[in-house]
Every structure is written in C-alpha cells, then in structure tokens.
>>> print(open('final22.cif').read())   # mmCIF, C-alpha atoms
data_final
#
loop_
_atom_site.label_atom_id
_atom_site.label_comp_id
_atom_site.auth_asym_id
_atom_site.auth_seq_id
_atom_site.Cartn_x
_atom_site.Cartn_y
_atom_site.Cartn_z
CA MET A 187 59.90 -11.22 6.67
CA THR A 188 57.98 -9.42 9.37
CA PHE A 189 55.44 -8.16 6.77
CA ASN A 190 54.79 -11.69 5.48
CA SER A 191 54.33 -12.92 9.01
CA GLN A 192 51.79 -10.19 9.78
CA LEU A 193 49.94 -10.86 6.54
CA HIS A 194 49.76 -14.57 7.28
CA SER A 195 48.53 -13.81 10.81
CA SER A 196 45.86 -11.42 9.44
CA LYS A 197 44.56 -14.01 6.98
CA GLN A 198 44.53 -16.63 9.68
CA SER A 199 42.60 -14.29 12.01
CA GLN A 200 40.09 -13.46 9.28
CA ALA A 201 39.57 -17.14 8.56
CA GLN A 202 38.90 -17.75 12.24
CA GLN A 203 36.35 -14.94 12.30
CA GLU A 204 34.23 -16.26 9.43
CA SER A 205 32.53 -19.60 8.93
CA PHE A 206 31.22 -20.79 5.56
CA PHE A 207 28.41 -23.26 4.92
CA LYS A 208 26.48 -24.60 1.94
CA ASN A 209 22.87 -25.77 1.68
CA ILE A 210 21.99 -25.16 5.30
CA ASN A 211 18.93 -24.67 7.47
CA TYR A 212 19.87 -21.91 9.91
CA PHE A 213 18.12 -20.92 13.17
CA ILE A 214 18.59 -17.94 15.47
CA LEU A 215 17.00 -17.89 18.94
CA LYS A 216 16.56 -15.00 21.36
CA ASN A 217 15.53 -15.66 24.96
CA TYR A 218 14.74 -19.23 23.90
CA LYS A 219 12.27 -17.99 21.28
CA PRO A 220 12.73 -18.24 17.49
CA LYS A 221 14.00 -15.04 15.87
CA LEU A 222 14.99 -16.12 12.38
CA GLN A 223 14.79 -19.30 10.35
CA LEU A 224 16.74 -19.46 7.10
CA ASN A 225 17.31 -21.88 4.24
CA ALA A 226 20.13 -20.85 1.88
CA THR A 227 22.51 -22.31 -0.68
CA GLU A 228 25.52 -20.47 0.80
CA VAL A 229 26.03 -18.78 4.16
CA SER A 230 28.94 -16.84 5.66
CA VAL A 231 28.84 -16.06 9.40
CA ASN A 232 31.20 -13.45 10.87
CA ASN A 233 31.65 -14.25 14.55
CA VAL A 234 33.01 -10.77 15.37
CA THR A 235 30.47 -8.51 13.64
CA ASN A 236 27.59 -10.99 14.04
CA ARG A 237 26.79 -10.33 10.39
CA THR A 238 25.46 -13.25 8.34
CA LEU A 239 25.65 -13.22 4.54
CA PHE A 240 23.60 -15.64 2.46
CA PHE A 241 22.44 -16.48 -1.07
CA ASP A 242 19.04 -17.72 -2.26
CA PRO A 243 17.46 -17.15 1.15
CA LYS A 244 14.07 -18.49 2.04
CA GLY A 245 12.67 -18.63 5.53
CA ILE A 246 10.68 -17.07 8.36
CA ALA A 247 11.36 -13.97 10.45
CA TYR A 248 9.64 -13.69 13.85
CA SER A 249 8.50 -10.42 15.38
CA ASN A 250 8.75 -9.69 19.11
CA ARG A 251 5.17 -10.96 19.40
CA GLN A 252 6.18 -14.13 17.53
CA ASN A 253 4.20 -13.27 14.41
CA LYS A 254 5.57 -14.99 11.32
CA ILE A 255 6.79 -13.17 8.21
CA HIS A 256 7.77 -15.44 5.33
CA TYR A 257 10.47 -14.11 3.02
CA GLU A 258 12.58 -15.10 0.04
CA GLY A 259 15.03 -13.47 -2.37
CA MET A 260 18.35 -13.98 -4.13
CA LYS A 261 20.76 -12.36 -1.68
CA GLY A 262 20.71 -11.10 1.88
CA THR A 263 22.38 -10.18 5.15
CA TYR A 264 21.34 -10.38 8.78
CA ILE A 265 22.86 -8.21 11.52
CA GLN A 266 22.03 -10.06 14.69
CA ARG A 267 22.87 -7.32 17.22
CA ARG A 268 20.52 -4.84 15.53
CA GLY A 269 17.94 -7.38 14.39
CA ILE A 270 18.07 -6.17 10.78
CA LEU A 271 17.31 -8.48 7.86
CA HIS A 272 18.25 -7.12 4.42
CA ILE A 273 17.00 -9.04 1.36
CA SER A 274 17.65 -8.00 -2.25
CA LYS A 275 16.68 -9.06 -5.79
CA LYS A 276 13.23 -10.53 -6.46
CA VAL A 277 12.14 -10.20 -2.85
CA LYS A 278 8.84 -11.69 -1.69
CA MET A 279 7.33 -11.32 1.78
CA LYS A 280 4.10 -12.59 3.30
CA MET A 281 2.76 -11.52 6.69
CA GLU A 282 0.55 -14.14 8.36
CA GLU A 283 -0.85 -11.76 11.01
CA ASN A 284 -2.56 -9.32 8.65
CA SER A 285 -2.93 -11.47 5.51
CA SER A 286 -0.75 -9.14 3.43
CA SER A 287 2.12 -9.70 1.01
CA LEU A 288 4.55 -7.69 -1.07
CA VAL A 289 7.23 -8.02 -3.72
CA ALA A 290 10.08 -5.55 -4.29
CA LYS A 291 13.65 -5.25 -5.48
CA GLU A 292 14.94 -4.66 -1.95
CA VAL A 293 13.57 -5.02 1.59
CA ILE A 294 15.09 -4.00 4.91
CA TYR A 295 13.22 -5.49 7.85
CA ASN A 296 13.98 -4.31 11.39
CA LEU A 297 12.69 -7.18 13.51
CA ASN A 298 13.13 -5.28 16.79
CA MET A 299 11.06 -2.28 15.60
CA GLY A 300 8.63 -4.22 13.42
CA ARG A 301 9.45 -1.92 10.47
CA ILE A 302 9.64 -3.05 6.84
CA ASP A 303 11.23 -0.74 4.24
CA ALA A 304 10.58 -1.98 0.69
CA ARG A 305 12.09 -0.25 -2.36
CA GLY A 306 11.93 -0.64 -6.12
CA ASP A 307 8.81 -1.75 -8.03
CA VAL A 308 6.89 -2.40 -4.84
CA LYS A 309 3.64 -4.34 -5.27
CA SER A 310 1.54 -5.18 -2.23
CA LYS A 311 -1.73 -6.93 -1.51
CA SER A 312 -3.73 -6.65 1.71
CA ILE A 313 -6.97 -8.47 2.49
CA SER A 314 -9.55 -7.05 4.86
CA LYS A 315 -10.52 -9.53 7.56
CA MET A 316 -13.84 -7.72 7.94
CA ASN A 317 -15.23 -8.06 4.41
CA GLY A 318 -12.62 -9.86 2.29
CA ASP A 319 -11.83 -6.85 0.10
CA LYS A 320 -8.42 -6.81 -1.58
CA ILE A 321 -6.36 -3.63 -1.49
CA LEU A 322 -3.70 -3.66 -4.21
CA VAL A 323 -1.01 -0.96 -4.16
CA ASN A 324 1.98 -0.32 -6.45
CA SER A 325 4.67 2.26 -5.63
CA ASP A 326 8.37 3.11 -5.72
CA ARG A 327 8.74 2.67 -1.97
CA ALA A 328 6.71 1.43 0.99
CA ILE A 329 7.31 1.59 4.74
CA SER A 330 5.22 -0.75 6.87
CA TRP A 331 4.79 -1.00 10.65
CA THR A 332 3.69 -4.55 11.42
CA ARG A 333 2.56 -3.80 14.99
CA ARG A 334 0.20 -1.01 13.91
CA ASN A 335 -0.81 -2.78 10.69
CA GLU A 336 -0.11 0.41 8.71
CA THR A 337 1.82 1.11 5.52
CA LYS A 338 2.89 4.32 3.79
CA TYR A 339 3.56 4.31 0.06
CA PHE A 340 5.61 6.87 -1.86
CA GLY A 341 6.19 7.67 -5.54
CA ASN A 342 4.01 6.69 -8.50
CA VAL A 343 1.35 5.24 -6.22
CA ASN A 344 -1.49 3.43 -7.96
CA GLY A 345 -3.75 0.47 -7.39
CA LYS A 346 -7.31 -0.62 -6.77
CA VAL A 347 -9.75 -1.93 -4.20
CA VAL A 348 -11.31 -5.18 -5.40
CA ARG A 349 -14.60 -6.21 -3.87
CA LYS A 350 -15.13 -9.79 -2.74
CA ARG A 351 -18.34 -9.91 -4.77
CA VAL A 352 -17.20 -10.25 -8.37
CA TYR A 353 -20.22 -8.41 -9.77
CA GLU A 354 -19.25 -5.20 -7.93
CA SER A 355 -16.82 -3.06 -9.89
CA PRO A 356 -13.47 -2.10 -8.31
CA ILE A 357 -12.32 1.38 -7.35
CA LEU A 358 -9.09 2.44 -9.08
CA TYR A 359 -6.88 5.17 -7.62
CA ARG A 360 -3.64 7.07 -8.14
CA SER A 361 -1.70 9.56 -5.98
CA ASN A 362 1.76 10.74 -4.92
CA LYS A 363 1.44 9.29 -1.41
CA LEU A 364 -0.85 6.77 0.25
CA HIS A 365 -1.33 5.78 3.89
CA LEU A 366 -3.10 2.46 4.42
CA LYS A 367 -4.52 1.89 7.91
CA MET A 368 -5.91 -1.63 7.91
CA ASN A 369 -7.08 -1.59 11.55
CA GLN A 370 -9.11 1.55 10.83
CA HIS A 371 -10.22 0.34 7.37
CA LEU A 372 -9.01 3.64 5.94
CA ILE A 373 -6.89 4.78 2.99
CA ASN A 374 -5.53 8.34 2.91
CA LEU A 375 -4.46 9.69 -0.49
CA GLU A 376 -2.30 12.78 -0.95
CA GLY A 377 -1.08 14.71 -3.99
CA ASP A 378 -2.51 14.52 -7.53
CA VAL A 379 -5.27 12.17 -6.43
CA VAL A 380 -7.29 10.33 -9.08
CA ILE A 381 -10.20 7.96 -8.41
CA LYS A 382 -11.91 5.99 -11.17
CA LYS A 383 -15.01 3.83 -11.10
CA GLN A 384 -16.74 2.62 -14.23
CA THR A 385 -18.17 5.75 -15.86
CA PHE A 386 -16.51 8.55 -13.87
CA THR A 387 -13.05 9.91 -13.10
CA ALA A 388 -12.51 12.29 -10.19
CA ARG A 389 -9.39 14.34 -9.37
CA SER A 390 -8.33 16.33 -6.32
CA ARG A 391 -5.41 17.17 -4.05
CA ARG A 392 -6.43 14.89 -1.16
CA GLY A 393 -8.74 11.96 -0.67
CA LYS A 394 -9.95 9.14 1.57
CA LEU A 395 -11.37 5.68 0.99
CA TYR A 396 -13.56 4.34 3.81
CA LEU A 397 -13.33 0.60 3.31
CA GLU A 398 -15.90 -0.44 5.92
CA ASN A 399 -18.67 1.81 4.56
CA TYR A 400 -19.13 0.29 1.14
CA ASN A 401 -22.61 -1.21 1.70
CA LYS A 402 -23.92 1.34 4.20
CA ARG A 403 -25.58 4.67 3.59
CA LEU A 404 -22.34 6.42 4.41
CA LYS A 405 -19.72 7.91 2.14
CA TYR A 406 -17.35 5.33 0.70
CA PHE A 407 -14.83 7.85 -0.59
CA ALA A 408 -14.22 11.57 -0.14
CA LEU A 409 -12.13 14.02 -2.16
CA TYR A 410 -10.96 17.44 -1.01
CA ASP A 411 -9.52 20.60 -2.60
CA ASP A 412 -9.96 21.46 -6.29
CA VAL A 413 -12.23 18.52 -7.05
CA LYS A 414 -12.89 17.85 -10.74
CA VAL A 415 -15.21 15.15 -12.05
CA VAL A 416 -15.73 13.88 -15.59
CA GLU A 417 -18.58 11.40 -16.00
CA LYS A 418 -19.83 9.59 -19.07
CA VAL A 419 -23.63 9.46 -18.74
CA LYS A 420 -25.51 6.83 -20.73
CA LEU A 421 -29.23 7.25 -21.30
CA GLY A 422 -30.54 4.59 -23.62
CA ARG A 423 -28.58 4.97 -26.83
CA SER A 424 -27.41 8.51 -26.09
CA VAL A 425 -24.14 9.30 -24.32
CA PHE A 426 -22.88 12.67 -23.07
CA LEU A 427 -20.10 13.97 -20.83
CA ARG A 428 -20.91 15.67 -17.56
CA LYS A 429 -18.30 17.81 -15.80
CA ALA A 430 -18.38 18.98 -12.20
CA PHE A 431 -16.19 21.16 -9.95
CA ALA A 432 -16.25 21.58 -6.16
CA GLU A 433 -14.15 21.76 -3.01
CA GLN A 434 -15.43 18.43 -1.67
CA LEU A 435 -16.96 15.29 -3.10
CA ASP A 436 -18.53 12.48 -1.06
CA GLY A 437 -19.14 9.25 -2.93
CA ILE A 438 -21.88 6.92 -1.69
CA VAL A 439 -21.30 3.91 -3.90
CA SER A 440 -24.11 1.78 -2.45
CA GLU A 441 -26.62 4.40 -3.70
CA GLY A 442 -24.73 5.25 -6.87
CA LYS A 443 -24.47 8.93 -6.09
CA MET A 444 -21.92 11.71 -5.54
CA VAL A 445 -22.51 14.72 -3.29
CA LEU A 446 -20.68 17.94 -4.23
CA THR A 447 -20.20 20.78 -1.74
CA GLY A 448 -18.06 23.88 -1.56
CA TYR A 449 -19.15 26.15 -4.45
CA PRO A 450 -20.12 23.21 -6.70
CA LYS A 451 -20.72 23.64 -10.42
CA VAL A 452 -22.02 21.13 -12.96
CA TYR A 453 -21.92 21.42 -16.74
CA GLN A 454 -23.99 19.09 -18.86
CA GLN A 455 -25.57 19.35 -22.29
CA GLY A 456 -24.98 23.10 -22.46
CA ASP A 457 -26.38 23.83 -18.98
CA GLU A 458 -24.47 25.37 -16.08
CA ILE A 459 -25.80 24.37 -12.65
CA LYS A 460 -24.75 25.93 -9.34
CA GLY A 461 -25.87 25.55 -5.74
CA ASN A 462 -24.78 25.00 -2.15
CA LYS A 463 -25.02 21.23 -2.58
CA ILE A 464 -25.39 19.20 -5.75
CA ILE A 465 -26.14 15.48 -5.99
CA LEU A 466 -25.24 13.48 -9.10
CA ARG A 467 -26.46 9.95 -9.76
CA GLU A 468 -24.90 7.39 -12.08
CA ASN A 469 -26.42 7.31 -15.57
CA ASN A 470 -29.03 9.86 -14.64
CA ASP A 471 -29.29 13.31 -16.21
CA VAL A 472 -31.34 14.63 -13.29
CA VAL A 473 -29.24 16.87 -11.05
CA GLU A 474 -30.45 17.47 -7.48
CA VAL A 475 -29.60 20.96 -6.28
CA GLU A 476 -30.02 22.90 -3.03
CA ASP A 477 -30.29 26.70 -3.47
CA ALA A 478 -29.95 26.44 -7.21
CA ASN A 479 -28.56 29.16 -9.43
CA SER A 480 -28.58 27.67 -12.92
CA THR A 481 -28.11 28.88 -16.45
CA PHE A 482 -29.80 26.85 -19.16
CA LYS A 483 -28.93 26.93 -22.83
CA SER A 484 -31.76 28.13 -25.06
CA ASN A 485 -32.06 26.96 -28.64
#
>>> encode(input="final22.cif", output="structure tokens")
Amino acid sequence: MTFNSQLHSSKQSQAQQESFFKNINYFILKNYKPKLQLNATEVSVNNVTNRTLFFDPKGIAYSNRQNKIHYEGMKGTYIQRRGILHISKKVKMKMEENSSSLVAKEVIYNLNMGRIDARGDVKSKSISKMNGDKILVNSDRAISWTRRNETKYFGNVNGKVVRKRVYESPILYRSNKLHLKMNQHLINLEGDVVIKKQTFTARSRRGKLYLENYNKRLKYFALYDDVKVVEKVKLGRSVFLRKAFAEQLDGIVSEGKMVLTGYPKVYQQGDEIKGNKIILRENNDVVEVEDANSTFKSN
C-alpha cells in the first residue's frame, strides 16, 4: 500500500515537472533579448532540468551579439541553463552574419560560446564578402566559432573554391584537416594535401590558399614539404606529362605559373631539369630555371 502510494506520488510529481505541447511557436528571452525561437510539431518542457525536447524543429538561434542563425532538423533538445542547442537528423543551418551554411547529421550549438560542432556528412558553403567566391567544404566533422568567423574541418576533407566569374576554373582540394579563416581570407590545409586545377595535380603535406590574392601578382596557393606535381601539357595536337618535385610550390594563378623552390626537379620529354628555382607555365614546354643543372636526353 505504501509502495503504490509512493509510485502514484512519483508519477504525479513527474507530470508536474513536464509540460507537453503540439504545433507551437516557442520563444526564449534572456535579459529581455531573444535567445531562441522555435517552431515544432511536439515539445516537452522539463521545468526542473530546464531541458526542452522537440520534434521537427525549425527556428532561429541568437548569439550574444544578436546575430541570427537559422536552423532546422527532425529532432532536438535545448538546455537553457547551458545555452546548448542539439539538433539531429537532416540538420540545416544558415548564418546570416557571415553568409555561410551547412548541413550535417548532427549539430551541437553552444549559444553562449558561439561554437558549432557539426558531425556526420558535413557539407558547408561560405561566400566571401570581398569578392563573392564560394568556398565549399565536405568533411566528417566541423567545429565553427561564429565570433571569429573560423571553422576547422576534420576527416575526409575535400571541396573547391568557385570563382564568381564563371569563365574562371575552380580550385579543387583534398586534405586530412582544413582551417578556414574567412576574416583573413585564408585556408590552411594539413595532411595528404591535394590541389587540382584544370591540367595539373599537386600533392604535399601542408598547404595554403590565399583567397584575396587571386587576381594580383601574388601567390594564390602555396604547398610545403614533399611537393609533387603532375601536369598535362598541351601544345597544339601533342600532349605530354610533366612531373616536378620540390619542397615548396607557389602558384600564381593570375599569371598561369608555378614557382618551385627547395631542390626542385622537373622531368619532361626525357629531360631532367634542376636548379635553385624553377618556373613552370601552363601549356608551355619552356622551363625557366635559375642556376640550372640539367640533363637532356640525346637521340
């Protein structure tokens, strides 16, 4: 009898702790400022833990600086005391402040810290306010800091930089890790780096993409450590492969050339070319060399 009474009291207490709603528009304010706006088909609010559970969420999260982040998914929770929004299954987010968006299987957003942790088939798109370039990145996981406008990507990282001018070919890349710094217009690549552009493929251990330098006489990308380049050179109707090795490669896309330094070597059409600095130009068999030490094939 006592057991039944305690059980009934426990159920009654639990019922008093939680409130259930359907098809609601839910608002949370902090210091009279919006913190979270939510539309959902079902919502459960626990008054003791301040944990809110919901299904089919769609709404807006507000950072401490009142920047809007639109989100949607199939399931989620919000822990009000910690300011943590957890969305799962077919998650989509769009940040108004930096014109970026992402999709993932799961996202944990700490509103107080401005930190977004996305996991599972992450696909993001960022647009440069300076020149309109699109930076597309795919990865297993991404951690973004909205205040610094930076994102780190981990695992199976790949993507491309798409120029605003459609006639300019994109740069494709792949690496183990990637650090995107939108305010500095810089991409850092780390581990098994691969960069592709039209006729050439370059590999290295580390690399950088300088997004603001595309149309200037400055390097647009740089590769470091064990650089290997394979380029398909087309001269009229003839085509041949050119291979190059160096410790550093600087790509100046606006001039269509690559500068190799650090014991560079180039192999083309049976010739071995060495020097302190070697310059290669797209679809050009002429190799510019400083302090040359070359071996030419004799027929």
>>> resolve_selection(input="final22.cif", expression="the PyMOL selection byres ((chain A and resi 372-377) around 7)", output="list of chain:residue names")
A:Ser361, A:Asn362, A:Lys363, A:Leu364, A:His365, A:Leu366, A:Lys367, A:Met368, A:Gln370, A:His371, A:Asp378, A:Val379, A:Arg391, A:Arg392, A:Gly393, A:Lys394, A:Leu395, A:Tyr396, A:Leu397
>>> closest_atom_pairs(input="final22.cif", of="region 320-417 of chain A", to="region 303-307 of chain A", cutoff="10 Å", atoms="all atoms listed in the file", output="Markdown table")
| residue | atom | partner | partner_atom | distance |
| --- | --- | --- | --- | --- |
| A:Asn324 | CA | A:Asp307 | CA | 7.2 |
| A:Ser325 | CA | A:Asp307 | CA | 6.2 |
| A:Asp326 | CA | A:Gly306 | CA | 5.2 |
| A:Arg327 | CA | A:Arg305 | CA | 4.5 |
| A:Ala328 | CA | A:Ala304 | CA | 5.2 |
| A:Ile329 | CA | A:Asp303 | CA | 4.6 |
| A:Ser330 | CA | A:Asp303 | CA | 6.6 |
| A:Trp331 | CA | A:Asp303 | CA | 9.1 |
| A:Thr337 | CA | A:Asp303 | CA | 9.7 |
| A:Lys338 | CA | A:Asp303 | CA | 9.8 |
| A:Tyr339 | CA | A:Ala304 | CA | 9.4 |
| A:Phe340 | CA | A:Arg305 | CA | 9.6 |
| A:Asn342 | CA | A:Asp307 | CA | 9.7 |
>>> closest_atom_pairs(input="final22.cif", of="region 246-328 of chain A", to="region 221-226 of chain A", cutoff="6 Å", atoms="all atoms listed in the file", output="Markdown table")
| residue | atom | partner | partner_atom | distance |
| --- | --- | --- | --- | --- |
| A:Ile246 | CA | A:Gln223 | CA | 5.1 |
| A:Ala247 | CA | A:Leu222 | CA | 4.6 |
| A:Tyr248 | CA | A:Lys221 | CA | 5.0 |
>>> atom_distance(input="final22.cif", atom1="CA of Pro356 (chain A)", atom2="CA of Arg333 (chain A)")
28.3 Å
>>> resolve_selection(input="final22.cif", expression="the PyMOL selection byres ((chain A and resi 210-213) around 12)", output="PDB file with C-alpha atoms, in the frame of the given file")
ATOM      1  CA  PHE A 206      31.220 -20.790   5.560  1.00  0.00           C
ATOM      2  CA  PHE A 207      28.410 -23.260   4.920  1.00  0.00           C
ATOM      3  CA  LYS A 208      26.480 -24.600   1.940  1.00  0.00           C
ATOM      4  CA  ASN A 209      22.870 -25.770   1.680  1.00  0.00           C
ATOM      5  CA  ILE A 214      18.590 -17.940  15.470  1.00  0.00           C
ATOM      6  CA  LEU A 215      17.000 -17.890  18.940  1.00  0.00           C
ATOM      7  CA  LYS A 216      16.560 -15.000  21.360  1.00  0.00           C
ATOM      8  CA  TYR A 218      14.740 -19.230  23.900  1.00  0.00           C
ATOM      9  CA  LYS A 219      12.270 -17.990  21.280  1.00  0.00           C
ATOM     10  CA  PRO A 220      12.730 -18.240  17.490  1.00  0.00           C
ATOM     11  CA  LYS A 221      14.000 -15.040  15.870  1.00  0.00           C
ATOM     12  CA  LEU A 222      14.990 -16.120  12.380  1.00  0.00           C
ATOM     13  CA  GLN A 223      14.790 -19.300  10.350  1.00  0.00           C
ATOM     14  CA  LEU A 224      16.740 -19.460   7.100  1.00  0.00           C
ATOM     15  CA  ASN A 225      17.310 -21.880   4.240  1.00  0.00           C
ATOM     16  CA  ALA A 226      20.130 -20.850   1.880  1.00  0.00           C
ATOM     17  CA  THR A 227      22.510 -22.310  -0.680  1.00  0.00           C
ATOM     18  CA  GLU A 228      25.520 -20.470   0.800  1.00  0.00           C
ATOM     19  CA  VAL A 229      26.030 -18.780   4.160  1.00  0.00           C
ATOM     20  CA  SER A 230      28.940 -16.840   5.660  1.00  0.00           C
ATOM     21  CA  VAL A 231      28.840 -16.060   9.400  1.00  0.00           C
ATOM     22  CA  THR A 238      25.460 -13.250   8.340  1.00  0.00           C
ATOM     23  CA  LEU A 239      25.650 -13.220   4.540  1.00  0.00           C
ATOM     24  CA  PHE A 240      23.600 -15.640   2.460  1.00  0.00           C
ATOM     25  CA  PHE A 241      22.440 -16.480  -1.070  1.00  0.00           C
ATOM     26  CA  ASP A 242      19.040 -17.720  -2.260  1.00  0.00           C
ATOM     27  CA  PRO A 243      17.460 -17.150   1.150  1.00  0.00           C
ATOM     28  CA  LYS A 244      14.070 -18.490   2.040  1.00  0.00           C
ATOM     29  CA  GLY A 245      12.670 -18.630   5.530  1.00  0.00           C
ATOM     30  CA  ILE A 246      10.680 -17.070   8.360  1.00  0.00           C
ATOM     31  CA  ALA A 247      11.360 -13.970  10.450  1.00  0.00           C
ATOM     32  CA  TYR A 248       9.640 -13.690  13.850  1.00  0.00           C
ATOM     33  CA  TYR A 264      21.340 -10.380   8.780  1.00  0.00           C
ATOM     34  CA  GLN A 266      22.030 -10.060  14.690  1.00  0.00           C
TER      35      GLN A 266
END
>>> closest_residue(input="final22.cif", among="A:Glu468, A:Glu258, A:Glu204, A:Glu292", to="Met444 (chain A)", atoms="all atoms listed in the file")
A:Glu468
>>> resolve_selection(input="final22.cif", expression="the PyMOL selection byres ((chain A and resi 442) around 6)", output="MDAnalysis selection string")
chainID A and resid 439:441 443 467:468
>>> residues_around(input="final22.cif", residues="Lys383 (chain A)", least_positions_apart="4", cutoff="12 Å", atoms="all atoms listed in the file", output="list of chain:residue names")
A:Lys346, A:Val347, A:Val348, A:Glu354, A:Ser355, A:Pro356, A:Ile357, A:Leu358, A:Tyr359, A:Thr387, A:Ala388, A:Phe407, A:Val415, A:Val416, A:Glu417, A:Lys418, A:Gly437, A:Val439, A:Gly442, A:Lys443, A:Met444, A:Glu468
>>> closest_atom_pairs(input="final22.cif", of="region 227-273 of chain A", to="region 294-299 of chain A", cutoff="12 Å", atoms="all atoms listed in the file", output="CSV")
residue,atom,partner,partner_atom,distance
A:Ile246,CA,A:Leu297,CA,11.3
A:Ala247,CA,A:Leu297,CA,7.6
A:Tyr248,CA,A:Leu297,CA,7.2
A:Ser249,CA,A:Leu297,CA,5.6
A:Asn250,CA,A:Asn298,CA,6.6
A:Arg251,CA,A:Asn298,CA,10.1
A:Gln252,CA,A:Leu297,CA,10.3
A:Asn253,CA,A:Leu297,CA,10.5
A:Lys254,CA,A:Leu297,CA,10.8
A:Ile255,CA,A:Leu297,CA,9.9
A:His256,CA,A:Tyr295,CA,11.6
A:Tyr257,CA,A:Tyr295,CA,10.3
A:Gly259,CA,A:Ile294,CA,11.9
A:Gly262,CA,A:Ile294,CA,9.5
A:Thr263,CA,A:Ile294,CA,9.6
A:Tyr264,CA,A:Tyr295,CA,9.5
A:Ile265,CA,A:Asn296,CA,9.7
A:Gln266,CA,A:Leu297,CA,9.8
A:Arg267,CA,A:Asn298,CA,10.0
A:Arg268,CA,A:Asn298,CA,7.5
A:Gly269,CA,A:Leu297,CA,5.3
A:Ile270,CA,A:Asn296,CA,4.5
A:Leu271,CA,A:Tyr295,CA,5.1
A:His272,CA,A:Ile294,CA,4.5
A:Ile273,CA,A:Ile294,CA,6.5
>>> axis_aligned_box(input="final22.cif", around="region 295-311 of chain A", padding_each_side="6 Å", output="JSON")
{"center_x": 6.1, "center_y": -3.7, "center_z": 4.4, "size_x": 27.7, "size_y": 18.9, "size_z": 36.8}
>>> atom_distance(input="final22.cif", atom1="CA of Val380 (chain A)", atom2="CA of Gly345 (chain A)")
10.6 Å
>>> atom_distance(input="final22.cif", atom1="CA of Met260 (chain A)", atom2="CA of Ser310 (chain A)")
19.1 Å
>>> residues_around(input="final22.cif", residues="Lys429 (chain A)", least_positions_apart="2", cutoff="12 Å", atoms="all atoms listed in the file", output="VMD selection string")
chain A and resid 386 to 389 413 to 419 426 to 427 431 to 432 446 450 to 459 466 471 473
>>> write_last_selection(input="final22.cif", atoms="C-alpha atoms", output="short mmCIF file (atom, residue, chain, number, x, y, z; two decimals), in the frame of the given file")
data_model
loop_
_atom_site.label_atom_id
_atom_site.label_comp_id
_atom_site.auth_asym_id
_atom_site.auth_seq_id
_atom_site.Cartn_x
_atom_site.Cartn_y
_atom_site.Cartn_z
CA PHE A 386 -16.51 8.55 -13.87
CA THR A 387 -13.05 9.91 -13.10
CA ALA A 388 -12.51 12.29 -10.19
CA ARG A 389 -9.39 14.34 -9.37
CA VAL A 413 -12.23 18.52 -7.05
CA LYS A 414 -12.89 17.85 -10.74
CA VAL A 415 -15.21 15.15 -12.05
CA VAL A 416 -15.73 13.88 -15.59
CA GLU A 417 -18.58 11.40 -16.00
CA LYS A 418 -19.83 9.59 -19.07
CA VAL A 419 -23.63 9.46 -18.74
CA PHE A 426 -22.88 12.67 -23.07
CA LEU A 427 -20.10 13.97 -20.83
CA PHE A 431 -16.19 21.16 -9.95
CA ALA A 432 -16.25 21.58 -6.16
CA LEU A 446 -20.68 17.94 -4.23
CA PRO A 450 -20.12 23.21 -6.70
CA LYS A 451 -20.72 23.64 -10.42
CA VAL A 452 -22.02 21.13 -12.96
CA TYR A 453 -21.92 21.42 -16.74
CA GLN A 454 -23.99 19.09 -18.86
CA GLN A 455 -25.57 19.35 -22.29
CA GLY A 456 -24.98 23.10 -22.46
CA ASP A 457 -26.38 23.83 -18.98
CA GLU A 458 -24.47 25.37 -16.08
CA ILE A 459 -25.80 24.37 -12.65
CA LEU A 466 -25.24 13.48 -9.10
CA ASP A 471 -29.29 13.31 -16.21
CA VAL A 473 -29.24 16.87 -11.05
#
>>> residues_around(input="final22.cif", residues="Lys311 (chain A)", least_positions_apart="2", cutoff="7 Å", atoms="all atoms listed in the file", output="list in words")
Ser286, Ser287, Leu288, Ile313, Lys320, Ile321, Leu322 and Val323 of chain A
>>> write_last_selection(input="final22.cif", atoms="C-alpha atoms", output="CSV table (one decimal), in the frame of the given file")
chain,number,residue,atom,x,y,z
A,286,SER,CA,-0.8,-9.1,3.4
A,287,SER,CA,2.1,-9.7,1.0
A,288,LEU,CA,4.6,-7.7,-1.1
A,313,ILE,CA,-7.0,-8.5,2.5
A,320,LYS,CA,-8.4,-6.8,-1.6
A,321,ILE,CA,-6.4,-3.6,-1.5
A,322,LEU,CA,-3.7,-3.7,-4.2
A,323,VAL,CA,-1.0,-1.0,-4.2
